[in-house]
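Source file: data.csv (CSV, C-alpha atoms)
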chain,number,residue,atom,x,y,z
A,1470,MET,CA,-153.4,-157.6,47.6
A,1471,ASN,CA,-152.3,-161.2,47.8
A,1472,ASN,CA,-153.4,-163.8,45.3
A,1473,ASN,CA,-155.8,-166.0,47.3
A,1474,ASN,CA,-155.9,-169.8,47.5
A,1475,LYS,CA,-152.7,-170.2,45.6
A,1476,PRO,CA,-149.4,-171.8,46.6
A,1477,TYR,CA,-148.0,-168.2,46.9
A,1478,SER,CA,-150.9,-166.6,48.7
A,1479,ASP,CA,-149.1,-166.9,52.0
A,1480,ILE,CA,-146.1,-164.9,50.9
A,1481,PRO,CA,-146.4,-161.4,52.6
A,1482,GLY,CA,-146.3,-158.1,50.7
A,1483,THR,CA,-146.2,-159.9,47.3
A,1484,THR,CA,-148.5,-160.1,44.3
A,1485,VAL,CA,-147.5,-162.7,41.8
A,1486,PHE,CA,-148.3,-161.7,38.2
A,1487,ASP,CA,-150.3,-164.8,37.2
A,1488,GLY,CA,-153.1,-165.4,34.7
A,1489,ASP,CA,-155.7,-163.7,36.9
A,1490,MET,CA,-153.6,-160.5,37.3
A,1491,ALA,CA,-152.7,-160.6,33.6
A,1492,ARG,CA,-156.4,-160.7,32.7
A,1493,ILE,CA,-157.5,-157.8,34.8
A,1494,GLY,CA,-154.4,-155.8,33.9
A,1495,PHE,CA,-154.3,-156.5,30.1
A,1496,HIS,CA,-155.2,-153.0,28.9
A,1497,LEU,CA,-153.4,-151.2,31.7
A,1498,ASN,CA,-150.2,-153.0,30.8
A,1499,GLN,CA,-150.7,-152.4,27.0
A,1500,PHE,CA,-151.1,-148.7,27.8
A,1501,CYS,CA,-147.8,-148.8,29.6
A,1502,MET,CA,-146.3,-150.6,26.7
A,1503,SER,CA,-147.3,-147.7,24.4
A,1504,LEU,CA,-145.0,-145.4,26.4
A,1505,MET,CA,-142.0,-147.2,24.7
A,1506,GLN,CA,-142.5,-144.7,21.8
A,1507,GLU,CA,-141.3,-141.2,22.1
A,1508,SER,CA,-144.3,-139.7,20.3
A,1509,ASN,CA,-146.7,-141.5,22.7
A,1510,ARG,CA,-144.7,-140.3,25.8
A,1511,THR,CA,-145.1,-136.8,24.5
A,1512,ALA,CA,-148.9,-137.2,23.9
A,1513,PHE,CA,-149.3,-138.7,27.4
A,1514,LYS,CA,-147.4,-135.9,29.1
A,1515,GLN,CA,-149.4,-133.2,27.2
A,1516,ASN,CA,-152.7,-134.5,28.4
A,1517,GLU,CA,-152.6,-137.6,30.6
A,1518,ARG,CA,-156.4,-138.0,31.0
A,1519,ALA,CA,-157.1,-137.7,27.3
A,1520,TYR,CA,-154.4,-140.2,26.5
A,1521,LEU,CA,-155.7,-142.6,29.0
A,1522,ASP,CA,-159.2,-142.3,27.7
A,1523,LYS,CA,-158.1,-143.8,24.5
A,1524,TRP,CA,-157.5,-147.1,26.3
A,1525,PRO,CA,-160.3,-149.4,27.5
A,1526,MET,CA,-159.0,-149.3,31.1
A,1527,THR,CA,-161.1,-149.1,34.3
A,1528,GLU,CA,-161.6,-145.8,36.0
A,1529,ALA,CA,-159.7,-147.1,39.0
A,1530,GLN,CA,-156.7,-148.0,36.7
A,1531,LYS,CA,-156.7,-144.6,35.0
A,1532,SER,CA,-156.9,-142.7,38.4
A,1533,ALA,CA,-154.1,-144.8,39.8
A,1534,VAL,CA,-151.9,-144.0,36.7
A,1535,ILE,CA,-152.5,-140.3,37.2
A,1536,ALA,CA,-151.8,-140.6,40.9
A,1537,ARG,CA,-148.7,-142.7,40.2
A,1538,ASP,CA,-150.0,-145.1,42.9
A,1539,PHE,CA,-147.9,-148.1,42.2
A,1540,SER,CA,-149.3,-150.3,45.0
A,1541,GLN,CA,-152.8,-149.7,43.6
A,1542,LEU,CA,-151.6,-150.3,40.0
A,1543,ILE,CA,-150.1,-153.7,41.0
A,1544,ALA,CA,-153.4,-154.6,42.7
A,1545,LEU,CA,-155.3,-153.7,39.6
A,1546,GLY,CA,-153.2,-156.1,37.4
A,1547,GLY,CA,-150.2,-153.9,36.5
A,1548,ASN,CA,-146.9,-155.7,36.1
A,1549,ILE,CA,-143.9,-154.0,37.4
A,1550,TYR,CA,-141.9,-154.2,34.2
A,1551,TYR,CA,-144.8,-152.5,32.4
A,1552,LEU,CA,-145.4,-150.0,35.2
A,1553,VAL,CA,-141.7,-148.8,35.2
A,1554,LYS,CA,-142.4,-147.5,31.7
A,1555,ILE,CA,-144.5,-144.8,33.4
A,1556,SER,CA,-141.8,-144.0,36.0
A,1557,SER,CA,-139.1,-144.0,33.3
A,1558,SER,CA,-141.0,-141.5,31.2
A,1559,ASP,CA,-141.2,-139.4,34.4
A,1560,GLY,CA,-137.4,-139.7,34.7
A,1561,LEU,CA,-137.6,-141.7,37.9
A,1562,SER,CA,-135.3,-144.5,38.8
A,1563,VAL,CA,-136.7,-148.0,39.3
A,1564,ALA,CA,-135.7,-147.8,42.9
A,1565,ALA,CA,-137.6,-144.6,43.4
A,1566,ALA,CA,-140.8,-146.1,41.9
A,1567,VAL,CA,-140.4,-149.4,43.8
A,1568,SER,CA,-139.8,-147.7,47.1
A,1569,THR,CA,-143.3,-146.1,47.0
A,1570,MET,CA,-144.8,-149.5,47.5
A,1571,THR,CA,-143.0,-150.0,50.8
A,1572,ASP,CA,-143.5,-148.2,54.1
A,1573,LEU,CA,-140.1,-146.4,53.5
A,1574,SER,CA,-139.2,-143.1,51.9
A,1575,VAL,CA,-137.0,-143.2,48.8
A,1576,ASP,CA,-133.9,-142.3,50.9
A,1577,GLU,CA,-134.8,-144.9,53.6
A,1578,TYR,CA,-135.3,-147.5,51.0
A,1579,ILE,CA,-132.0,-146.8,49.3
A,1580,ASP,CA,-130.3,-146.9,52.7
A,1581,MET,CA,-131.9,-150.3,53.5
A,1582,MET,CA,-130.5,-151.6,50.1
A,1583,ARG,CA,-127.0,-150.3,51.0
A,1584,ARG,CA,-127.2,-152.1,54.3
A,1585,GLY,CA,-127.9,-155.4,52.4
A,1586,GLY,CA,-131.6,-155.2,51.6
A,1587,ARG,CA,-134.7,-156.5,53.3
A,1588,SER,CA,-134.0,-159.7,55.2
A,1589,PRO,CA,-136.0,-162.7,54.4
A,1590,GLU,CA,-136.3,-163.4,58.1
A,1591,GLY,CA,-139.9,-163.0,59.1
A,1592,ASN,CA,-140.9,-162.2,55.5
A,1593,ARG,CA,-141.4,-165.7,54.2
A,1594,TYR,CA,-145.0,-166.3,55.4
A,1595,VAL,CA,-147.9,-164.1,56.2
A,1596,VAL,CA,-148.3,-165.9,59.5
A,1597,ASN,CA,-145.1,-167.4,60.9
A,1598,LYS,CA,-145.5,-171.1,60.6
A,1599,THR,CA,-143.1,-173.9,61.8
A,1600,SER,CA,-141.7,-174.0,58.3
A,1601,GLU,CA,-140.3,-170.5,58.8
A,1602,GLU,CA,-138.4,-171.7,61.9
A,1603,LYS,CA,-137.1,-174.6,59.9
A,1604,GLN,CA,-135.1,-172.2,57.7
B,1227,MET,CA,-117.3,-179.2,14.7
B,1228,ALA,CA,-118.8,-176.5,16.9
B,1229,LYS,CA,-118.1,-176.7,20.6
B,1230,ILE,CA,-119.4,-175.2,23.8
B,1231,THR,CA,-116.2,-174.3,25.7
B,1232,CYS,CA,-117.4,-172.1,28.5
B,1233,GLY,CA,-120.4,-170.8,30.5
B,1234,LEU,CA,-120.9,-167.5,32.1
B,1235,GLY,CA,-123.5,-166.3,34.6
B,1236,THR,CA,-124.2,-162.6,35.3
B,1237,SER,CA,-127.0,-160.4,36.6
B,1238,HIS,CA,-128.3,-157.9,33.9
B,1239,ILE,CA,-129.4,-155.0,36.2
B,1240,PRO,CA,-130.4,-152.0,34.1
B,1241,LEU,CA,-128.5,-149.5,36.4
B,1242,LEU,CA,-125.3,-151.1,35.2
B,1243,GLY,CA,-126.1,-150.0,31.6
B,1244,HIS,CA,-127.0,-146.5,32.8
B,1245,ILE,CA,-123.7,-146.2,34.6
B,1246,ILE,CA,-121.7,-147.4,31.6
B,1247,ASP,CA,-123.7,-145.2,29.1
B,1248,LYS,CA,-123.0,-142.1,31.3
B,1249,GLY,CA,-119.3,-142.9,31.2
B,1250,ASP,CA,-119.2,-143.4,35.0
B,1251,SER,CA,-118.1,-147.1,35.2
B,1252,GLY,CA,-114.6,-146.0,36.2
B,1253,ASP,CA,-116.0,-143.9,39.1
B,1254,GLU,CA,-114.7,-145.1,42.5
B,1255,LYS,CA,-118.2,-145.2,43.8
B,1256,TRP,CA,-119.0,-148.1,41.6
B,1257,ALA,CA,-115.7,-149.9,41.9
B,1258,PRO,CA,-117.1,-152.7,44.1
B,1259,ILE,CA,-119.4,-153.6,41.2
B,1260,PHE,CA,-117.2,-153.2,38.2
B,1261,ASP,CA,-113.9,-154.5,39.7
B,1262,GLY,CA,-115.5,-157.9,39.7
B,1263,TYR,CA,-115.6,-157.8,35.9
B,1264,GLN,CA,-111.9,-156.8,35.3
B,1265,PHE,CA,-110.9,-160.5,35.2
B,1266,THR,CA,-113.7,-161.3,32.9
B,1267,LYS,CA,-112.8,-158.5,30.4
B,1268,LYS,CA,-109.3,-159.8,30.1
B,1269,TRP,CA,-110.4,-163.5,30.0
B,1270,ILE,CA,-112.9,-162.9,27.1
B,1271,ARG,CA,-110.2,-161.3,25.0
B,1272,GLU,CA,-108.2,-164.5,25.3
B,1273,GLN,CA,-111.2,-166.7,24.7
B,1274,LYS,CA,-112.5,-165.0,21.6
B,1275,PRO,CA,-115.8,-166.8,21.3
B,1276,ASP,CA,-117.3,-166.9,17.8
B,1277,VAL,CA,-120.9,-167.1,19.1
B,1278,VAL,CA,-122.6,-166.5,22.5
B,1279,VAL,CA,-125.9,-168.1,23.1
B,1280,LEU,CA,-127.3,-165.5,25.5
B,1281,VAL,CA,-130.1,-166.6,27.7
B,1282,TYR,CA,-132.1,-163.7,29.1
B,1283,ASN,CA,-135.6,-162.5,29.8
B,1284,ASP,CA,-137.3,-159.8,27.8
B,1285,HIS,CA,-138.8,-157.1,30.2
B,1286,ALA,CA,-141.9,-156.2,28.3
B,1287,THR,CA,-139.9,-154.9,25.3
B,1288,ALA,CA,-140.0,-157.2,22.3
B,1289,PHE,CA,-142.9,-159.2,23.8
B,1290,ASP,CA,-145.9,-157.4,25.3
B,1291,MET,CA,-149.0,-159.0,26.8
B,1292,LYS,CA,-150.2,-160.0,23.3
B,1293,VAL,CA,-147.7,-162.8,22.9
B,1294,ILE,CA,-145.6,-164.4,25.6
B,1295,PRO,CA,-143.3,-167.2,24.4
B,1296,THR,CA,-141.9,-169.4,27.2
B,1297,PHE,CA,-138.7,-170.1,25.2
B,1298,ALA,CA,-137.9,-168.0,22.1
B,1299,ILE,CA,-134.8,-168.2,20.0
B,1300,GLY,CA,-133.5,-165.4,17.8
B,1301,CYS,CA,-132.7,-166.6,14.2
B,1302,GLY,CA,-132.3,-163.1,12.8
B,1303,GLU,CA,-129.4,-161.4,11.2
B,1304,GLU,CA,-129.3,-158.6,13.7
B,1305,TYR,CA,-131.0,-157.1,16.7
B,1306,HIS,CA,-131.2,-153.4,17.7
B,1307,PRO,CA,-131.0,-152.1,21.2
B,1308,ALA,CA,-134.5,-151.2,22.4
B,1309,ASP,CA,-136.0,-148.0,23.5
B,1310,GLU,CA,-137.2,-149.0,27.0
B,1311,GLY,CA,-138.8,-145.7,27.8
B,1312,TYR,CA,-135.8,-143.5,28.0
B,1313,GLY,CA,-134.2,-143.9,24.6
B,1314,ALA,CA,-132.2,-146.8,23.2
B,1315,ARG,CA,-128.8,-147.6,24.8
B,1316,PRO,CA,-125.9,-146.2,22.7
B,1317,VAL,CA,-124.4,-149.6,22.2
B,1318,PRO,CA,-123.6,-151.5,18.9
B,1319,THR,CA,-126.2,-153.4,17.0
B,1320,VAL,CA,-126.1,-157.1,18.0
B,1321,LYS,CA,-125.1,-159.4,15.2
B,1322,GLY,CA,-127.0,-162.7,15.1
B,1323,ALA,CA,-125.7,-166.1,14.0
B,1324,PRO,CA,-128.7,-167.2,11.9
B,1325,LYS,CA,-127.2,-170.3,10.4
B,1326,LEU,CA,-126.2,-171.8,13.8
B,1327,ALA,CA,-129.5,-170.5,15.3
B,1328,TRP,CA,-131.6,-172.3,12.7
B,1329,HIS,CA,-129.6,-175.4,13.2
B,1330,ILE,CA,-130.1,-175.3,17.0
B,1331,THR,CA,-133.8,-174.5,16.5
B,1332,GLU,CA,-134.3,-177.5,14.3
B,1333,SER,CA,-132.4,-179.8,16.6
B,1334,LEU,CA,-134.2,-178.5,19.7
B,1335,ILE,CA,-137.7,-179.0,18.2
B,1336,LYS,CA,-136.7,-182.5,17.1
B,1337,GLN,CA,-135.5,-183.1,20.7
B,1338,GLY,CA,-138.9,-182.1,22.1
B,1339,PHE,CA,-138.4,-178.4,22.8
B,1340,ASP,CA,-141.1,-176.4,21.0
B,1341,MET,CA,-139.2,-173.2,20.5
B,1342,THR,CA,-140.8,-170.0,19.3
B,1343,ILE,CA,-138.8,-168.7,16.3
B,1344,VAL,CA,-138.0,-164.9,16.2
B,1345,ASN,CA,-136.6,-163.3,13.1
B,1346,GLU,CA,-136.9,-159.7,14.1
B,1347,MET,CA,-136.9,-158.1,17.6
B,1348,ASP,CA,-135.3,-155.4,19.6
B,1349,VAL,CA,-133.2,-156.5,22.6
B,1350,ASP,CA,-133.4,-154.8,26.0
B,1351,HIS,CA,-131.1,-154.5,28.9
B,1352,GLY,CA,-131.5,-158.2,29.7
B,1353,LEU,CA,-129.3,-158.9,26.7
B,1354,THR,CA,-127.2,-155.7,26.2
B,1355,VAL,CA,-126.1,-155.2,29.8
B,1356,PRO,CA,-124.3,-158.6,30.0
B,1357,LEU,CA,-122.5,-157.8,26.7
B,1358,SER,CA,-121.4,-154.4,28.1
B,1359,MET,CA,-120.2,-155.9,31.4
B,1360,VAL,CA,-118.1,-158.5,29.7
B,1361,PHE,CA,-116.9,-156.7,26.5
B,1362,GLY,CA,-116.9,-153.2,27.9
B,1363,GLU,CA,-117.4,-150.2,25.6
B,1364,VAL,CA,-116.7,-151.3,22.1
B,1365,GLU,CA,-117.4,-150.1,18.5
B,1366,GLU,CA,-118.6,-153.5,17.5
B,1367,TRP,CA,-119.5,-156.5,19.6
B,1368,PRO,CA,-116.6,-158.9,19.0
B,1369,CYS,CA,-118.8,-162.0,18.5
B,1370,GLN,CA,-122.2,-163.1,17.1
B,1371,VAL,CA,-125.1,-163.6,19.5
B,1372,ILE,CA,-128.0,-166.0,19.5
B,1373,PRO,CA,-130.6,-164.5,21.9
B,1374,LEU,CA,-132.6,-167.0,23.8
B,1375,ALA,CA,-135.5,-165.3,25.6
B,1376,VAL,CA,-137.2,-167.0,28.5
B,1377,ASN,CA,-140.5,-165.9,30.0
B,1378,THR,CA,-139.9,-165.0,33.7
B,1379,VAL,CA,-142.3,-162.0,33.7
B,1380,VAL,CA,-145.6,-163.8,33.7
B,1381,TYR,CA,-146.2,-166.7,36.2
B,1382,PRO,CA,-145.4,-169.5,35.6
B,1383,ALA,CA,-141.8,-169.4,34.3
B,1384,PRO,CA,-140.5,-172.7,32.9
B,1385,THR,CA,-139.3,-175.1,35.7
B,1386,GLY,CA,-135.6,-175.4,36.7
B,1387,ASP,CA,-135.6,-179.1,35.5
B,1388,ARG,CA,-136.9,-178.0,32.1
B,1389,CYS,CA,-134.2,-175.3,31.9
B,1390,LEU,CA,-131.4,-177.8,32.7
B,1391,ALA,CA,-132.8,-180.1,30.0
B,1392,LEU,CA,-133.0,-177.3,27.5
B,1393,GLY,CA,-129.3,-176.5,28.2
B,1394,LYS,CA,-128.4,-180.2,27.6
B,1395,ALA,CA,-130.3,-180.2,24.3
B,1396,ILE,CA,-128.5,-177.0,23.2
B,1397,ARG,CA,-125.2,-178.7,23.9
B,1398,ALA,CA,-126.2,-181.7,21.8
B,1399,ALA,CA,-127.4,-179.4,19.0
B,1400,VAL,CA,-124.2,-177.3,18.9
B,1401,GLU,CA,-122.0,-180.4,18.9
B,1402,GLN,CA,-123.7,-181.5,15.7
B,1403,PHE,CA,-123.0,-178.3,13.8
B,1404,PRO,CA,-120.2,-178.9,11.2
B,1405,GLU,CA,-118.4,-175.6,11.4
B,1406,ASP,CA,-115.5,-175.1,13.8
B,1407,LEU,CA,-117.0,-172.5,16.2
B,1408,ASN,CA,-116.1,-171.6,19.7
B,1409,VAL,CA,-119.5,-171.2,21.4
B,1410,GLN,CA,-120.2,-169.9,24.9
B,1411,VAL,CA,-123.5,-170.0,26.7
B,1412,TRP,CA,-124.4,-167.2,29.1
B,1413,GLY,CA,-127.2,-167.4,31.7
B,1414,THR,CA,-128.3,-164.0,32.9
B,1415,GLY,CA,-130.6,-162.4,35.5
B,1416,GLY,CA,-131.0,-162.5,39.3
B,1417,MET,CA,-129.9,-162.8,41.8
B,1418,SER,CA,-132.3,-162.2,44.7
B,1419,HIS,CA,-134.5,-159.2,44.2
B,1420,GLN,CA,-138.1,-158.2,44.5
B,1421,LEU,CA,-139.4,-155.1,42.7
B,1422,LEU,CA,-142.9,-154.8,44.1
B,1423,GLY,CA,-145.1,-154.8,47.1
B,1424,GLU,CA,-144.4,-154.1,50.8
B,1425,ARG,CA,-141.7,-156.7,50.6
B,1426,ALA,CA,-139.8,-154.9,47.9
B,1427,GLY,CA,-136.1,-154.8,48.4
B,1428,LEU,CA,-135.8,-158.4,49.6
B,1429,ILE,CA,-132.3,-159.8,49.4
B,1430,ASN,CA,-131.2,-163.2,50.5
B,1431,GLN,CA,-127.4,-163.5,50.5
B,1432,GLU,CA,-127.3,-166.9,52.1
B,1433,TRP,CA,-129.6,-168.3,49.4
B,1434,ASP,CA,-127.7,-166.6,46.6
B,1435,LEU,CA,-124.3,-167.9,47.8
B,1436,ALA,CA,-125.7,-171.4,48.3
B,1437,PHE,CA,-127.0,-171.3,44.7
B,1438,LEU,CA,-123.6,-170.3,43.4
B,1439,ASP,CA,-122.0,-173.1,45.3
B,1440,ASP,CA,-124.5,-175.7,44.2
B,1441,LEU,CA,-124.5,-174.7,40.5
B,1442,LYS,CA,-121.0,-176.2,39.9
B,1443,SER,CA,-121.8,-179.8,40.9
B,1444,ASP,CA,-125.2,-180.1,42.6
B,1445,TYR,CA,-127.1,-178.4,39.9
B,1446,GLU,CA,-129.6,-181.2,39.6
B,1447,LYS,CA,-130.8,-180.2,43.1
B,1448,LEU,CA,-131.3,-176.6,41.9
B,1449,GLY,CA,-133.4,-177.9,39.1
B,1450,ALA,CA,-136.0,-179.1,41.6
B,1451,ILE,CA,-136.5,-175.6,43.2
B,1452,SER,CA,-140.1,-174.5,42.5
B,1453,GLN,CA,-140.9,-170.9,41.4
B,1454,VAL,CA,-142.9,-170.5,44.6
B,1455,GLU,CA,-139.8,-171.3,46.6
B,1456,TYR,CA,-137.7,-168.9,44.6
B,1457,ILE,CA,-140.2,-166.2,45.2
B,1458,ARG,CA,-140.5,-166.9,48.9
B,1459,GLU,CA,-136.7,-167.1,49.5
B,1460,SER,CA,-135.2,-164.7,46.9
B,1461,GLY,CA,-138.1,-162.4,45.8
B,1462,THR,CA,-140.5,-162.3,42.9
B,1463,GLU,CA,-137.7,-161.6,40.4
B,1464,GLY,CA,-135.3,-164.1,42.1
B,1465,SER,CA,-136.9,-166.7,39.9
B,1466,GLU,CA,-134.9,-165.4,37.0
B,1467,MET,CA,-132.2,-167.8,38.2
B,1468,VAL,CA,-133.7,-170.6,36.2
B,1469,MET,CA,-131.9,-168.9,33.2
B,1470,TRP,CA,-128.6,-169.8,34.8
B,1471,LEU,CA,-129.7,-173.4,34.8
B,1472,ILE,CA,-129.9,-173.4,31.0
B,1473,MET,CA,-126.3,-172.2,30.9
B,1474,ARG,CA,-125.3,-174.9,33.4
B,1475,GLY,CA,-127.1,-177.6,31.5
B,1476,ALA,CA,-125.3,-176.7,28.3
B,1477,LEU,CA,-121.9,-177.5,29.9
B,1478,ASN,CA,-120.2,-180.8,30.7
B,1479,HIS,CA,-120.9,-182.3,34.1
B,1480,GLU,CA,-117.4,-181.5,35.2
B,1481,VAL,CA,-116.5,-177.8,35.0
B,1482,ASN,CA,-113.9,-175.5,36.6
B,1483,GLU,CA,-115.1,-172.4,38.2
B,1484,ILE,CA,-112.5,-169.8,37.2
B,1485,HIS,CA,-114.1,-166.7,38.5
B,1486,ARG,CA,-116.9,-165.5,40.9
B,1487,HIS,CA,-118.2,-162.1,42.0
B,1488,TYR,CA,-121.0,-161.3,44.3
B,1489,HIS,CA,-122.1,-157.8,45.4
B,1490,VAL,CA,-125.1,-156.3,47.3
B,1491,PRO,CA,-126.7,-154.0,46.3
B,1492,VAL,CA,-126.9,-152.8,42.7
B,1493,SER,CA,-130.0,-150.7,42.9
B,1494,ASN,CA,-132.7,-153.2,44.1
B,1495,THR,CA,-130.7,-156.3,43.3
B,1496,ALA,CA,-128.0,-158.7,44.4
B,1497,LEU,CA,-125.4,-159.0,41.7
B,1498,GLY,CA,-123.9,-162.4,40.9
B,1499,HIS,CA,-121.4,-163.4,38.3
B,1500,LEU,CA,-119.3,-166.5,37.6
B,1501,ILE,CA,-117.4,-168.2,34.8
B,1502,TYR,CA,-117.1,-172.0,34.2
B,1503,GLU,CA,-114.8,-173.7,31.8
B,1504,ASN,CA,-115.7,-177.2,30.5
B,1505,VAL,CA,-113.4,-179.9,31.7
B,1506,ASP,CA,-112.8,-182.1,28.7
B,1507,LYS,CA,-113.4,-185.7,29.2
B,1508,LYS,CA,-113.8,-188.5,26.7
B,1509,GLY,CA,-117.3,-189.6,26.4
B,1510,GLU,CA,-118.8,-186.3,27.5

Let me see the structure of the file written as structure tokens.
Amino acid sequence: MNNNNKPYSDIPGTTVFDGDMARIGFHLNQFCMSLMQESNRTAFKQNERAYLDKWPMTEAQKSAVIARDFSQLIALGGNIYYLVKISSSDGLSVAAAVSTMTDLSVDEYIDMMRRGGRSPEGNRYVVNKTSEEKQ
Amino acid sequence: MAKITCGLGTSHIPLLGHIIDKGDSGDEKWAPIFDGYQFTKKWIREQKPDVVVLVYNDHATAFDMKVIPTFAIGCGEEYHPADEGYGARPVPTVKGAPKLAWHITESLIKQGFDMTIVNEMDVDHGLTVPLSMVFGEVEEWPCQVIPLAVNTVVYPAPTGDRCLALGKAIRAAVEQFPEDLNVQVWGTGGMSHQLLGERAGLINQEWDLAFLDDLKSDYEKLGAISQVEYIRESGTEGSEMVMWLIMRGALNHEVNEIHRHYHVPVSNTALGHLIYENVDKKGE
């Protein structure tokens, strides 16, 4: 899910929300934006599929919204600040939504944060280069 | 004449707003976070700023994917707290400072900063959480606010150098305003955090603390940090720290750091907070 051939393509586990992602995610993010309104949140919850069908999103984007698959939504152009509008309307904390993108459970993730978070050591480059050792 | 007296940096983590709005900020569990603002609450009551230029980023609230201004300045009379998906925060309406804001805007554009002018928008946690952390729970915010929204959501954000230069231009603009006003500039956001991907939860305390050290005197060095370096070292959302550089640029070269607070974690994020007072020198 990395952005290829860009100065940030060698950062592991990270998708930078650049112009390419913004283009493919435009309608997905605008759908998320609509959930800022109470009446839209209600309509979405009543029938998620019908609400999503009003938006010119791809089938993969719609399925990933219904599955609350945040990793997939990021890969399909979703931006995290837009996506948390889905999890907020579900009543989930940002940490709960974010943790689903990692290999940790919510509790394990929160515990990692309490212990100081994920270390940058070994997480700067996809393949450890000499510049990692320089740090 | 109007004068910038102080600068303040603080994270604007939404959880802080949730805790305050639930009435839990006095809970012992959160003391390591809120104790670091006790000094600030007392200090601000003595300082009594007339206007705060509050630099923050909008989190897909007033601006969606339709329009994404890199630098936007609020020239409106007032701004309502936004419904970010769970109802609006129960905090006072933010009063603008339209006369000063228009003066700053005109000056900035003439100085080469092509600002986007906003007369009506709702403000999200990026702006209201810093107000709550500094002023506490109040009936009315005790000062006027000029919102200055910076795009840090869509890559690329403005460069650190450009943010420092914008800060300097704001200072020049404020100093030409004929009314006697005590103006503060606040830079908000950060510190290290990443909210997406397998690398989510990244925190780099060493990086954050070095940033806080360098911000006082070696801020030109910080201006040269690229967004890619911020992302690699301090997480995708760590690049919000350029907003603190606008605050730093708006102050004199010489400042006194009168307060600092750093705590990990608040939710997904490293919390940073500091206060600078301008050292007055002739010619500055």

Coordinates-based distance that separates atom CA of B:Met1347 from atom CA of B:Glu1365 (Å, one decimal): 21.1 Å

I'd like a table as CSV: residues in chain A with an atom no more than 9 Å from chain B, each row giving the shortest atom pair and its distance in Å to one decimal, all atoms listed in the file counted, sorted by chain and rising residue number.
residue,atom,partner,partner_atom,distance
A:Met1470,CA,B:Gly1423,CA,8.8
A:Pro1476,CA,B:Val1454,CA,6.9
A:Tyr1477,CA,B:Val1454,CA,6.0
A:Ile1480,CA,B:Arg1458,CA,6.3
A:Pro1481,CA,B:Arg1425,CA,6.9
A:Gly1482,CA,B:Glu1424,CA,4.4
A:Thr1483,CA,B:Gly1423,CA,5.2
A:Thr1484,CA,B:Gly1423,CA,6.9
A:Val1485,CA,B:Tyr1381,CA,7.0
A:Phe1486,CA,B:Val1380,CA,5.7
A:Asp1487,CA,B:Tyr1381,CA,4.6
A:Gly1488,CA,B:Tyr1381,CA,7.2
A:Ala1491,CA,B:Val1380,CA,7.8
A:Phe1495,CA,B:Met1291,CA,6.7
A:His1496,CA,B:Met1291,CA,8.9
A:Asn1498,CA,B:Met1291,CA,7.3
A:Gln1499,CA,B:Met1291,CA,6.8
A:Met1502,CA,B:Asp1290,CA,7.0
A:Leu1504,CA,B:Gly1311,CA,6.4
A:Met1505,CA,B:Gly1311,CA,4.7
A:Gln1506,CA,B:Gly1311,CA,7.1
A:Glu1507,CA,B:Gly1311,CA,7.7
A:Arg1510,CA,B:Gly1311,CA,8.2
A:Phe1539,CA,B:Leu1422,CA,8.6
A:Ser1540,CA,B:Gly1423,CA,6.5
A:Ile1543,CA,B:Leu1422,CA,7.9
A:Asn1548,CA,B:Val1379,CA,8.2
A:Ile1549,CA,B:Leu1422,CA,6.8
A:Tyr1550,CA,B:His1285,CA,5.8
A:Tyr1551,CA,B:Ala1286,CA,6.2
A:Val1553,CA,B:Gly1311,CA,8.5
A:Lys1554,CA,B:Gly1311,CA,5.6
A:Ile1555,CA,B:Gly1311,CA,8.0
A:Ser1556,CA,B:Gly1311,CA,8.9
A:Ser1557,CA,B:Gly1311,CA,5.8
A:Ser1558,CA,B:Gly1311,CA,5.8
A:Gly1560,CA,B:Tyr1312,CA,7.9
A:Ser1562,CA,B:Leu1241,CA,8.8
A:Val1563,CA,B:Ser1493,CA,8.1
A:Ala1564,CA,B:Asn1494,CA,6.3
A:Val1567,CA,B:Leu1421,CA,5.9
A:Ser1568,CA,B:Ala1426,CA,7.2
A:Thr1569,CA,B:Gly1423,CA,8.9
A:Met1570,CA,B:Gly1423,CA,5.3
A:Thr1571,CA,B:Glu1424,CA,4.3
A:Asp1572,CA,B:Glu1424,CA,6.8
A:Tyr1578,CA,B:Gly1427,CA,7.8
A:Ile1579,CA,B:Ser1493,CA,7.8
A:Met1581,CA,B:Gly1427,CA,8.0
A:Met1582,CA,B:Pro1491,CA,5.9
A:Arg1583,CA,B:Pro1491,CA,6.0
A:Arg1584,CA,B:Pro1491,CA,8.2
A:Gly1585,CA,B:Val1490,CA,5.9
A:Gly1586,CA,B:Ile1429,CA,5.1
A:Arg1587,CA,B:Leu1428,CA,4.3
A:Ser1588,CA,B:Leu1428,CA,6.0
A:Pro1589,CA,B:Asn1430,CA,6.2
A:Asn1592,CA,B:Arg1425,CA,7.4
A:Arg1593,CA,B:Arg1458,CA,5.5
A:Tyr1594,CA,B:Arg1458,CA,7.9

Distance of atom CA of B:Gly1249 from atom CA of B:Arg1271, expressed in Å to one decimal place: 21.4 Å

d(atom CA of B:Pro1316, atom CA of B:Val1349) in Å: 12.6 Å

Neighbour residues at most 8 Å from (-129.9, -176.4, 19.1) (all atoms listed in the file) as an MDAnalysis selection string: chainID B and resid 1326:1334 1395:1400

Spatial neighbours of stretch 1388-1394 of chain B, max dist 6 Å, all atoms listed in the file, sep filter under 2 positions, as a PyMOL selection string: chain B and resi 1385-1386+1396-1397+1471-1473+1475-1476

Residues near B:Ile1245, cut-off 12 Å, only C-alpha atoms, skip fewer than 4 positions along chain, as an MDAnalysis selection string: chainID B and resid 1239:1241 1249:1253 1255:1257 1259:1260 1315 1355 1358:1359 1362:1363 1492:1493
